file protein.txt (compact mmCIF, C-alpha atoms)
# COMPACT_ATOMS: atom_id res chain seq x y z
CA MET A 1 79.78 118.72 89.33
CA THR A 2 79.45 119.23 93.07
CA LEU A 3 79.87 116.45 95.63
CA GLY A 4 76.15 116.72 96.37
CA SER A 5 75.27 116.24 92.71
CA LYS A 6 77.56 113.24 92.45
CA ILE A 7 75.97 111.60 95.46
CA ALA A 8 72.53 112.34 94.01
CA TRP A 9 73.30 110.38 90.82
CA ASP A 10 75.19 107.49 92.40
CA ASP A 11 73.09 104.35 92.89
CA THR A 12 70.23 105.57 90.72
CA VAL A 13 68.50 104.51 87.52
CA LEU A 14 67.17 107.34 85.34
CA PRO A 15 64.45 106.41 82.80
CA PHE A 16 64.22 108.40 79.58
CA GLN A 17 62.46 108.38 76.23
CA LEU A 18 63.63 109.62 72.83
CA ASP A 19 60.43 111.03 71.36
CA ARG A 20 61.72 111.51 67.82
CA SER A 21 62.79 107.90 67.38
CA GLY A 22 60.32 105.91 69.51
CA ILE A 23 63.06 104.55 71.74
CA ARG A 24 63.13 104.30 75.52
CA GLY A 25 66.07 103.78 77.80
CA ARG A 26 67.73 103.91 81.20
CA VAL A 27 70.93 105.39 82.61
CA ALA A 28 72.34 103.70 85.73
CA ARG A 29 75.21 104.53 88.05
CA LEU A 30 76.20 102.06 90.78
CA ASP A 31 78.66 102.69 93.59
CA GLY A 32 77.53 101.72 97.09
CA VAL A 33 75.41 98.93 95.62
CA LEU A 34 78.50 97.23 94.22
CA SER A 35 80.41 97.76 97.45
CA GLY A 36 77.59 96.07 99.36
CA ILE A 37 77.56 93.12 96.94
CA LEU A 38 81.29 92.55 96.54
CA LYS A 39 82.53 93.13 100.08
CA GLN A 40 80.68 90.01 101.20
CA HIS A 41 82.99 87.78 99.16
CA ASN A 42 86.63 87.24 98.29
CA TYR A 43 86.16 87.02 94.54
CA PRO A 44 89.08 87.01 92.06
CA PRO A 45 89.16 90.24 89.98
CA GLN A 46 87.69 88.52 86.91
CA VAL A 47 84.72 87.26 88.93
CA GLU A 48 84.24 90.69 90.50
CA ALA A 49 84.07 92.19 87.00
CA LEU A 50 81.44 89.68 85.90
CA VAL A 51 79.34 90.24 89.03
CA ALA A 52 79.63 94.03 88.57
CA GLU A 53 78.42 93.73 84.96
CA MET A 54 75.52 91.47 85.95
CA ALA A 55 74.48 93.84 88.76
CA LEU A 56 74.52 96.77 86.33
CA LEU A 57 72.44 94.86 83.79
CA THR A 58 70.02 93.93 86.56
CA ALA A 59 69.57 97.57 87.58
CA LEU A 60 68.93 98.64 83.99
CA ILE A 61 66.59 95.79 83.10
CA GLY A 62 64.72 95.68 86.41
CA GLN A 63 63.63 99.30 86.11
CA THR A 64 62.11 98.74 82.64
CA ILE A 65 59.64 96.14 83.88
CA LYS A 66 56.52 96.96 85.88
CA LEU A 67 57.38 94.64 88.71
CA ARG A 68 55.30 93.84 91.74
CA TRP A 69 58.07 91.90 93.40
CA LYS A 70 61.27 90.40 91.96
CA LEU A 71 63.26 90.10 88.75
CA SER A 72 66.23 87.71 88.60
CA LEU A 73 69.07 87.35 86.10
CA GLN A 74 71.12 84.16 85.96
CA ILE A 75 73.87 82.64 83.90
CA GLN A 76 74.70 78.95 84.19
CA THR A 77 77.89 77.80 82.48
CA LYS A 78 80.35 74.93 82.14
CA GLY A 79 83.28 77.27 82.70
CA ALA A 80 85.25 78.22 85.79
CA VAL A 81 82.41 80.57 86.76
CA ARG A 82 79.56 78.10 87.14
CA MET A 83 76.80 80.55 87.96
CA ILE A 84 76.04 84.21 88.57
CA ALA A 85 72.67 85.08 90.10
CA THR A 86 71.20 88.53 90.73
CA ASP A 87 67.89 89.72 92.15
CA PHE A 88 66.14 93.07 91.69
CA TYR A 89 63.40 93.76 94.24
CA ALA A 90 60.90 96.43 93.24
CA PRO A 91 60.26 99.27 95.73
CA GLU A 92 57.80 98.23 98.40
CA ALA A 93 56.17 101.68 98.33
CA GLU A 94 56.38 104.79 96.18
CA GLY A 95 59.50 106.79 96.96
CA GLU A 96 61.38 103.84 98.44
CA PRO A 97 64.49 102.40 96.73
CA ALA A 98 64.70 99.20 94.75
CA ARG A 99 67.10 96.59 96.14
CA ILE A 100 69.72 94.52 94.34
CA ARG A 101 71.74 91.52 95.47
CA ALA A 102 74.11 89.21 93.59
CA TYR A 103 76.56 86.35 94.02
CA ALA A 104 78.75 84.05 91.93
CA SER A 105 79.64 80.37 92.22
CA PHE A 106 83.00 79.42 90.71
CA ASP A 107 85.90 76.94 90.78
CA ARG A 108 88.86 78.95 92.06
CA ASP A 109 91.35 76.38 90.73
CA ARG A 110 90.02 76.87 87.18
CA ILE A 111 90.22 80.67 87.15
CA THR A 112 92.89 81.80 84.68
CA ASP A 113 94.76 85.06 84.14
CA GLY A 114 92.67 85.70 81.01
CA PRO A 115 89.83 88.20 80.59
CA ALA A 116 86.64 87.88 82.60
CA MET A 117 84.59 86.33 79.79
CA ASP A 118 87.24 83.62 79.37
CA GLN A 119 86.07 82.25 82.72
CA ILE A 120 82.63 81.48 81.25
CA GLY A 121 81.98 78.41 79.16
CA GLU A 122 79.02 77.11 77.23
CA GLY A 123 75.75 77.80 78.98
CA TYR A 124 72.64 79.95 79.07
CA PHE A 125 71.38 83.37 80.09
CA ALA A 126 68.02 83.53 81.87
CA ILE A 127 65.60 86.17 83.07
CA LEU A 128 63.01 85.19 85.67
CA MET A 129 60.12 87.28 86.98
CA ASP A 130 58.30 86.52 90.20
CA GLN A 131 55.25 88.76 90.55
CA GLY A 132 54.35 87.48 93.99
CA LYS A 133 51.79 85.16 95.52
CA GLY A 134 49.00 84.08 93.19
CA MET A 135 50.83 85.22 90.04
CA GLN A 136 52.34 82.93 87.42
CA PRO A 137 56.17 83.22 87.37
CA TYR A 138 57.87 83.84 84.03
CA GLN A 139 61.17 82.46 82.76
CA GLY A 140 63.00 83.15 79.50
CA ILE A 141 66.25 81.45 78.46
CA THR A 142 68.72 81.98 75.61
CA PRO A 143 72.19 80.52 74.97
CA LEU A 144 75.21 82.52 76.08
CA THR A 145 76.53 84.40 73.06
CA GLY A 146 78.96 87.20 72.22
CA GLN A 147 81.95 88.63 74.03
CA THR A 148 80.18 90.28 76.99
CA LEU A 149 77.31 89.59 79.35
CA SER A 150 75.55 92.63 77.87
CA SER A 151 75.63 90.98 74.43
CA CYS A 152 73.98 87.93 76.04
CA ALA A 153 71.24 90.22 77.38
CA GLU A 154 70.81 91.83 73.96
CA ALA A 155 70.40 88.38 72.40
CA TYR A 156 67.84 87.48 75.06
CA PHE A 157 65.66 90.50 74.30
CA ALA A 158 65.87 89.95 70.54
CA GLN A 159 65.13 86.22 70.77
CA SER A 160 62.68 85.96 73.68
CA GLU A 161 60.96 89.35 73.67
CA GLN A 162 61.43 90.53 70.05
CA LEU A 163 62.66 93.87 71.43
CA PRO A 164 65.74 95.47 69.84
CA THR A 165 67.98 96.36 72.77
CA LYS A 166 71.47 97.82 73.11
CA PHE A 167 73.71 98.38 76.14
CA ALA A 168 76.73 100.61 76.63
CA LEU A 169 78.39 99.65 79.94
CA SER A 170 81.54 100.53 81.85
CA PHE A 171 82.75 99.22 85.19
CA GLY A 172 86.00 99.04 87.10
CA GLN A 173 87.94 100.05 90.17
CA SER A 174 87.56 103.73 91.07
CA THR A 175 90.81 105.46 91.98
CA GLU A 176 89.64 108.96 92.95
CA PRO A 177 92.15 110.94 95.05
CA GLY A 178 91.40 110.68 98.75
CA VAL A 179 88.81 107.92 98.28
CA PRO A 180 89.48 104.23 99.00
CA GLN A 181 89.64 102.12 95.84
CA HIS A 182 86.28 100.52 95.12
CA TRP A 183 84.14 99.29 92.23
CA ARG A 184 81.94 101.64 90.23
CA ALA A 185 79.72 100.91 87.25
CA GLY A 186 77.66 102.96 84.84
CA GLY A 187 75.66 102.18 81.76
CA ILE A 188 72.98 103.10 79.27
CA MET A 189 70.28 100.82 77.90
CA VAL A 190 68.23 101.74 74.81
CA GLN A 191 65.28 99.69 73.63
CA HIS A 192 62.76 100.05 70.83
CA MET A 193 59.24 100.61 72.07
CA PRO A 194 57.33 97.29 72.11
CA LYS A 195 54.74 98.42 69.53
CA ALA A 196 57.54 98.80 66.99
CA SER A 197 58.78 95.21 67.27
CA PRO A 198 56.82 92.71 65.12
CA PHE A 199 57.35 89.00 65.59
CA ALA A 200 60.16 87.81 63.35
CA GLU A 201 59.74 84.38 61.78
CA GLY A 202 62.49 81.98 60.80
CA GLY A 203 66.15 82.00 61.69
CA GLY A 204 67.89 85.19 62.72
CA SER A 205 71.09 86.86 61.60
CA GLY A 206 72.76 86.61 65.01
CA GLU A 207 75.28 84.05 66.21
CA GLY A 208 73.91 80.52 65.98
CA GLY A 209 70.83 81.72 64.09
CA LEU A 210 69.56 83.80 67.01
CA LEU A 211 67.47 86.85 66.22
CA HIS A 212 69.29 90.18 66.00
CA ALA A 213 67.89 93.71 66.41
CA ASP A 214 68.04 94.23 62.62
CA ASP A 215 65.73 91.24 62.12
CA LEU A 216 62.96 93.00 64.08
CA LEU A 217 62.81 96.44 62.43
CA ASN A 218 61.33 97.78 59.23
CA GLU A 219 63.22 100.35 57.14
CA ASP A 220 62.06 103.49 59.00
CA GLU A 221 62.49 101.90 62.42
CA GLY A 222 65.91 100.62 61.41
CA GLU A 223 67.00 104.12 60.39
CA ASN A 224 65.97 105.52 63.78
CA TRP A 225 67.59 102.60 65.61
CA ASN A 226 70.88 102.92 63.73
CA ARG A 227 71.02 106.68 64.29
CA VAL A 228 70.50 106.34 68.05
CA ASN A 229 73.08 103.55 68.26
CA TYR A 230 75.57 105.66 66.30
CA HIS A 231 75.31 108.36 68.97
CA LEU A 232 75.38 105.79 71.79
CA ALA A 233 78.65 104.41 70.43
CA THR A 234 80.32 107.78 71.05
CA VAL A 235 79.90 107.54 74.83
CA GLU A 236 83.16 107.33 76.77
CA ASP A 237 83.91 105.22 79.83
CA MET A 238 84.48 108.22 82.09
CA GLU A 239 81.13 109.68 81.02
CA LEU A 240 79.45 106.49 82.23
CA ILE A 241 81.25 105.96 85.54
CA GLY A 242 83.12 109.20 86.24
CA PRO A 243 82.02 111.65 88.95
CA SER A 244 81.93 114.76 86.75
CA LEU A 245 78.86 114.38 84.49
CA PRO A 246 75.22 114.20 85.65
CA SER A 247 73.09 111.59 83.89
CA THR A 248 70.81 114.29 82.45
CA ASP A 249 73.75 116.14 80.90
CA LEU A 250 75.04 112.88 79.43
CA LEU A 251 71.69 112.19 77.77
CA PHE A 252 71.56 115.67 76.28
CA ARG A 253 75.11 115.33 74.97
CA LEU A 254 74.32 112.02 73.25
CA PHE A 255 70.73 112.44 72.13
CA HIS A 256 69.78 116.14 72.04
CA GLU A 257 68.53 115.76 68.44
CA GLU A 258 66.22 112.88 69.45
CA GLY A 259 64.05 114.90 71.84
CA PRO A 260 65.10 113.23 75.10
CA ARG A 261 62.53 113.29 77.90
CA VAL A 262 63.52 112.13 81.39
CA PHE A 263 61.38 110.75 84.19
CA ASP A 264 61.90 110.40 87.93
CA ALA A 265 65.13 108.65 88.90
CA LEU A 266 64.81 105.46 90.95
CA PRO A 267 67.24 104.99 93.86
CA VAL A 268 68.71 101.50 94.22
CA ARG A 269 70.42 99.95 97.23
CA PHE A 270 72.13 96.70 98.13
CA GLY A 271 69.60 94.62 100.00
CA CYS A 272 69.01 91.01 100.94
CA THR A 273 65.75 89.31 101.91
CA CYS A 274 67.28 86.48 103.93
CA SER A 275 66.10 86.03 107.52
CA GLU A 276 65.95 83.39 110.23
CA ASP A 277 62.27 82.85 109.45
CA ARG A 278 63.11 82.12 105.80
CA VAL A 279 65.81 79.65 106.85
CA ARG A 280 63.37 77.89 109.14
CA GLN A 281 60.80 77.77 106.34
CA SER A 282 63.31 76.22 103.93
CA LEU A 283 64.11 73.53 106.53
CA SER A 284 60.45 72.82 107.32
CA ILE A 285 60.26 70.08 104.65
CA TYR A 286 62.78 67.90 106.51
CA SER A 287 62.14 65.26 109.16
CA ALA A 288 63.95 65.10 112.47
CA LYS A 289 66.09 62.30 111.01
CA ASP A 290 67.07 64.54 108.08
CA ILE A 291 67.80 67.42 110.42
CA ALA A 292 70.08 65.16 112.45
CA THR A 293 72.27 64.63 109.36
CA MET A 294 72.64 68.42 109.05
CA THR A 295 73.57 68.93 112.68
CA THR A 296 77.17 69.90 113.42
CA ALA A 297 79.44 68.31 116.03
CA GLU A 298 78.54 71.26 118.26
CA GLY A 299 74.86 70.28 118.11
CA ARG A 300 73.67 73.13 115.87
CA VAL A 301 72.15 73.53 112.42
CA THR A 302 73.91 76.32 110.54
CA ALA A 303 73.19 78.13 107.28
CA ASP A 304 74.94 80.91 105.39
CA CYS A 305 73.34 83.30 102.91
CA GLN A 306 75.25 83.21 99.62
CA PHE A 307 74.15 86.75 98.78
CA CYS A 308 74.97 88.74 101.92
CA GLY A 309 77.06 86.35 104.02
CA ALA A 310 74.65 86.30 106.97
CA HIS A 311 75.22 83.29 109.26
CA TYR A 312 72.36 81.49 111.01
CA ASN A 313 72.90 79.17 113.98
CA LEU A 314 69.82 77.20 115.01
CA ASP A 315 68.81 74.62 117.60
CA PRO A 316 68.03 71.44 115.61
CA ALA A 317 65.07 70.73 117.89
CA THR A 318 63.36 73.87 116.61
CA VAL A 319 63.52 73.18 112.85
CA GLY A 320 61.90 70.68 110.49
CA PHE A 321 58.28 69.54 110.20
CA GLU A 322 58.64 67.53 113.42
CA ALA A 323 60.01 70.51 115.39
CA GLU A 324 57.06 70.96 117.70
CA GLU A 325 56.98 67.27 118.62
CA VAL A 326 60.73 67.16 119.23
CA SER A 327 60.83 70.41 121.20
CA GLY A 328 57.97 69.21 123.37
CA GLU A 329 59.84 66.16 124.56
call {"tool": "encode", "arguments": {"input": "protein.txt", "output": "structure tokens"}}
result
Amino acid sequence: MTLGSKIAWDDTVLPFQLDRSGIRGRVARLDGVLSGILKQHNYPPQVEALVAEMALLTALIGQTIKLRWKLSLQIQTKGAVRMIATDFYAPEAEGEPARIRAYASFDRDRITDGPAMDQIGEGYFAILMDQGKGMQPYQGITPLTGQTLSSCAEAYFAQSEQLPTKFALSFGQSTEPGVPQHWRAGGIMVQHMPKASPFAEGGGSGEGGLLHADDLLNEDEGENWNRVNYHLATVEDMELIGPSLPSTDLLFRLFHEEGPRVFDALPVRFGCTCSEDRVRQSLSIYSAKDIATMTTAEGRVTADCQFCGAHYNLDPATVGFEAEEVSGE
């Protein structure tokens, strides 16, 4: 694989369909996106791993949904990692990249030397869709379950969407010769086509009675699903994140008997929507008295973006719903 080919597949999501089995999917490779997300923060390695996994899930899931604006993934927990939030912004015009941002909130004193998932306690996994002004937002929530964040996402799709879904993910520090060490991630998502997923009544066979993929499929669909997942299970970590295998070649290696058909790849980039105007808008609900309590000893109102680290330094007389009256004095 040439350097040019590698660059072409980094930070992309490739949609595909397996015509023989009625299954769709996505292949994602993230490099610069993760660098943009993680360099803004001084996360412990376990938190970096969780954020990398959430960003990869966000890239895979966001591209499956016909978005007009934004998809968000969140976990809220009682563990050392209190929250991870990610946003996927759909391309603003055809040919433009999607944008991803992410951040984590955690108690550094509670982080242990254990695996990343040990830092997460009881909580929930949520997917939120904001389709823009005038559209009703959507929110789906399921309990955190399983040993990975991807298993939480699988449970969400089975329980909330009745869509059998499976992820194969890999992420970690890249140690290529001559290249600074940095995070890379790669993954595959397969999902039964919606028409093949009837509503399942009653309790499921998953943890805590949650629905499982097997609860949603009839015999023929289950045979196709199991066959595709058997092949998916043979994928190796270096095939997902390594620089030597194009996504199209990987799909052919795994699923050539399933009639794979690929579509146009979507580029993704790290991107944040914060701005001074948005900060001012968020402060517009406060009175001058409220603004005074937020003012620093230096006589400024400051705000930091949790996603990208941008710092805003504002004159208190210019913010709040009484700003015009105050500034006119």
call {"tool": "closest_residue", "arguments": {"input": "protein.txt", "among": "A:Arg253, A:Glu276, A:His192, A:Leu266", "to": "Glu223 (chain A)", "atoms": "all atoms listed in the file"}}
result
A:His192
call {"tool": "closest_residue", "arguments": {"input": "protein.txt", "among": "A:Val13, A:Leu67, A:Ile120, A:Ala80", "to": "Tyr138 (chain A)", "atoms": "only C-alpha atoms"}}
result
A:Leu67
call {"tool": "atom_distance", "arguments": {"input": "protein.txt", "atom1": "CA of Asp264 (chain A)", "atom2": "CA of Arg20 (chain A)"}}
result
20.1 Å
call {"tool": "closest_atom_pairs", "arguments": {"input": "protein.txt", "of": "region 230-309 of chain A", "to": "region 36-52 of chain A", "cutoff": "12 Å", "atoms": "all atoms listed in the file", "output": "Markdown table"}}
result
| residue | atom | partner | partner_atom | distance |
| --- | --- | --- | --- | --- |
| A:Val268 | CA | A:Gly36 | CA | 11.6 |
| A:Arg269 | CA | A:Gly36 | CA | 8.4 |
| A:Phe270 | CA | A:Gly36 | CA | 5.6 |
| A:Gly271 | CA | A:Gly36 | CA | 8.1 |
| A:Cys272 | CA | A:Ile37 | CA | 9.7 |
| A:Asp304 | CA | A:Gln40 | CA | 11.5 |
| A:Cys305 | CA | A:Gln40 | CA | 10.1 |
| A:Gln306 | CA | A:Gln40 | CA | 8.8 |
| A:Phe307 | CA | A:Ile37 | CA | 7.5 |
| A:Cys308 | CA | A:Gln40 | CA | 5.9 |
| A:Gly309 | CA | A:Gln40 | CA | 5.9 |
call {"tool": "closest_atom_pairs", "arguments": {"input": "protein.txt", "of": "region 223-292 of chain A", "to": "region 23-27 of chain A", "cutoff": "12 Å", "atoms": "all atoms listed in the file", "output": "tab-separated table"}}
result
residue	atom	partner	partner_atom	distance
A:Asn224	CA	A:Ile23	CA	8.5
A:Trp225	CA	A:Ile23	CA	7.9
A:Asn226	CA	A:Ile23	CA	11.3
A:Arg227	CA	A:Ile23	CA	11.1
A:Val228	CA	A:Ile23	CA	8.5
A:Asn229	CA	A:Ile23	CA	10.7
A:Leu232	CA	A:Gly25	CA	11.3
A:Glu239	CA	A:Val27	CA	11.2
A:Leu240	CA	A:Val27	CA	8.6
A:Ile241	CA	A:Val27	CA	10.7
A:Pro246	CA	A:Val27	CA	10.3
A:Ser247	CA	A:Val27	CA	6.7
A:Thr248	CA	A:Val27	CA	8.9
A:Asp249	CA	A:Val27	CA	11.2
A:Leu250	CA	A:Val27	CA	9.1
A:Leu251	CA	A:Val27	CA	8.4
A:Leu254	CA	A:Val27	CA	12.0
A:Phe255	CA	A:Ile23	CA	11.0
A:Glu258	CA	A:Ile23	CA	9.2
A:Gly259	CA	A:Ile23	CA	10.4
A:Pro260	CA	A:Arg24	CA	9.2
A:Arg261	CA	A:Arg24	CA	9.3
A:Val262	CA	A:Arg26	CA	9.2
A:Phe263	CA	A:Arg26	CA	9.8
A:Asp264	CA	A:Arg26	CA	11.0
A:Ala265	CA	A:Val27	CA	9.2
A:Leu266	CA	A:Arg26	CA	10.3
A:Pro267	CA	A:Val27	CA	11.8
call {"tool": "residues_near_point", "arguments": {"input": "protein.txt", "point": "(74.3, 77.0, 110.1)", "cutoff": "7 Å", "atoms": "all atoms listed in the file", "output": "list of chain:residue names"}}
result
A:Arg300, A:Val301, A:Thr302, A:Ala303, A:Asp304, A:His311, A:Tyr312, A:Asn313, A:Leu314
call {"tool": "atom_distance", "arguments": {"input": "protein.txt", "atom1": "CA of Asp11 (chain A)", "atom2": "CA of Gln191 (chain A)"}}
result
21.3 Å
call {"tool": "residues_around", "arguments": {"input": "protein.txt", "residues": "Phe321 (chain A)", "least_positions_apart": "2", "cutoff": "10 Å", "atoms": "all atoms listed in the file", "output": "mmCIF file with C-alpha atoms, in the coordinates of the input"}}
result
data_model
loop_
_atom_site.group_PDB
_atom_site.id
_atom_site.type_symbol
_atom_site.label_atom_id
_atom_site.label_comp_id
_atom_site.auth_asym_id
_atom_site.auth_seq_id
_atom_site.Cartn_x
_atom_site.Cartn_y
_atom_site.Cartn_z
ATOM 1 C CA ARG A 280 63.370 77.890 109.140
ATOM 2 C CA GLN A 281 60.800 77.770 106.340
ATOM 3 C CA LEU A 283 64.110 73.530 106.530
ATOM 4 C CA SER A 284 60.450 72.820 107.320
ATOM 5 C CA ILE A 285 60.260 70.080 104.650
ATOM 6 C CA TYR A 286 62.780 67.900 106.510
ATOM 7 C CA SER A 287 62.140 65.260 109.160
ATOM 8 C CA ALA A 288 63.950 65.100 112.470
ATOM 9 C CA ILE A 291 67.800 67.420 110.420
ATOM 10 C CA THR A 318 63.360 73.870 116.610
ATOM 11 C CA VAL A 319 63.520 73.180 112.850
ATOM 12 C CA ALA A 323 60.010 70.510 115.390
ATOM 13 C CA GLU A 324 57.060 70.960 117.700
ATOM 14 C CA GLU A 325 56.980 67.270 118.620
ATOM 15 C CA VAL A 326 60.730 67.160 119.230
#
call {"tool": "atom_distance", "arguments": {"input": "protein.txt", "atom1": "CA of Arg68 (chain A)", "atom2": "CA of Ala168 (chain A)"}}
result
27.1 Å
call {"tool": "residues_near_point", "arguments": {"input": "protein.txt", "point": "(74.1, 77.7, 77.1)", "cutoff": "8 Å", "atoms": "only C-alpha atoms", "output": "PyMOL selection string"}}
result
chain A and resi 76-77+122-125+142-144
call {"tool": "closest_residue", "arguments": {"input": "protein.txt", "among": "A:Asp87, A:Glu96, A:Glu236, A:Asp315", "to": "Leu71 (chain A)", "atoms": "only C-alpha atoms"}}
result
A:Asp87
call {"tool": "closest_residue", "arguments": {"input": "protein.txt", "among": "A:Arg278, A:Lys78, A:Arg29, A:Lys66", "to": "Asp237 (chain A)", "atoms": "all atoms listed in the file"}}
result
A:Arg29
call {"tool": "residues_around", "arguments": {"input": "protein.txt", "residues": "region 146-157 of chain A", "least_positions_apart": "2", "cutoff": "10 Å", "atoms": "all atoms listed in the file", "output": "MDAnalysis selection string"}}
result
chainID A and resid 50:51 53:54 56:58 61 73 75 116:118 120 124:127 140:144 159:169 189 191 206:207 210:213
call {"tool": "closest_residue", "arguments": {"input": "protein.txt", "among": "A:Leu34, A:Ala104, A:Ile111, A:Ala55", "to": "Ser174 (chain A)", "atoms": "all atoms listed in the file"}}
result
A:Leu34
call {"tool": "closest_residue", "arguments": {"input": "protein.txt", "among": "A:Met129, A:Leu18, A:Leu30, A:Ala102", "to": "Ile65 (chain A)", "atoms": "all atoms listed in the file"}}
result
A:Met129
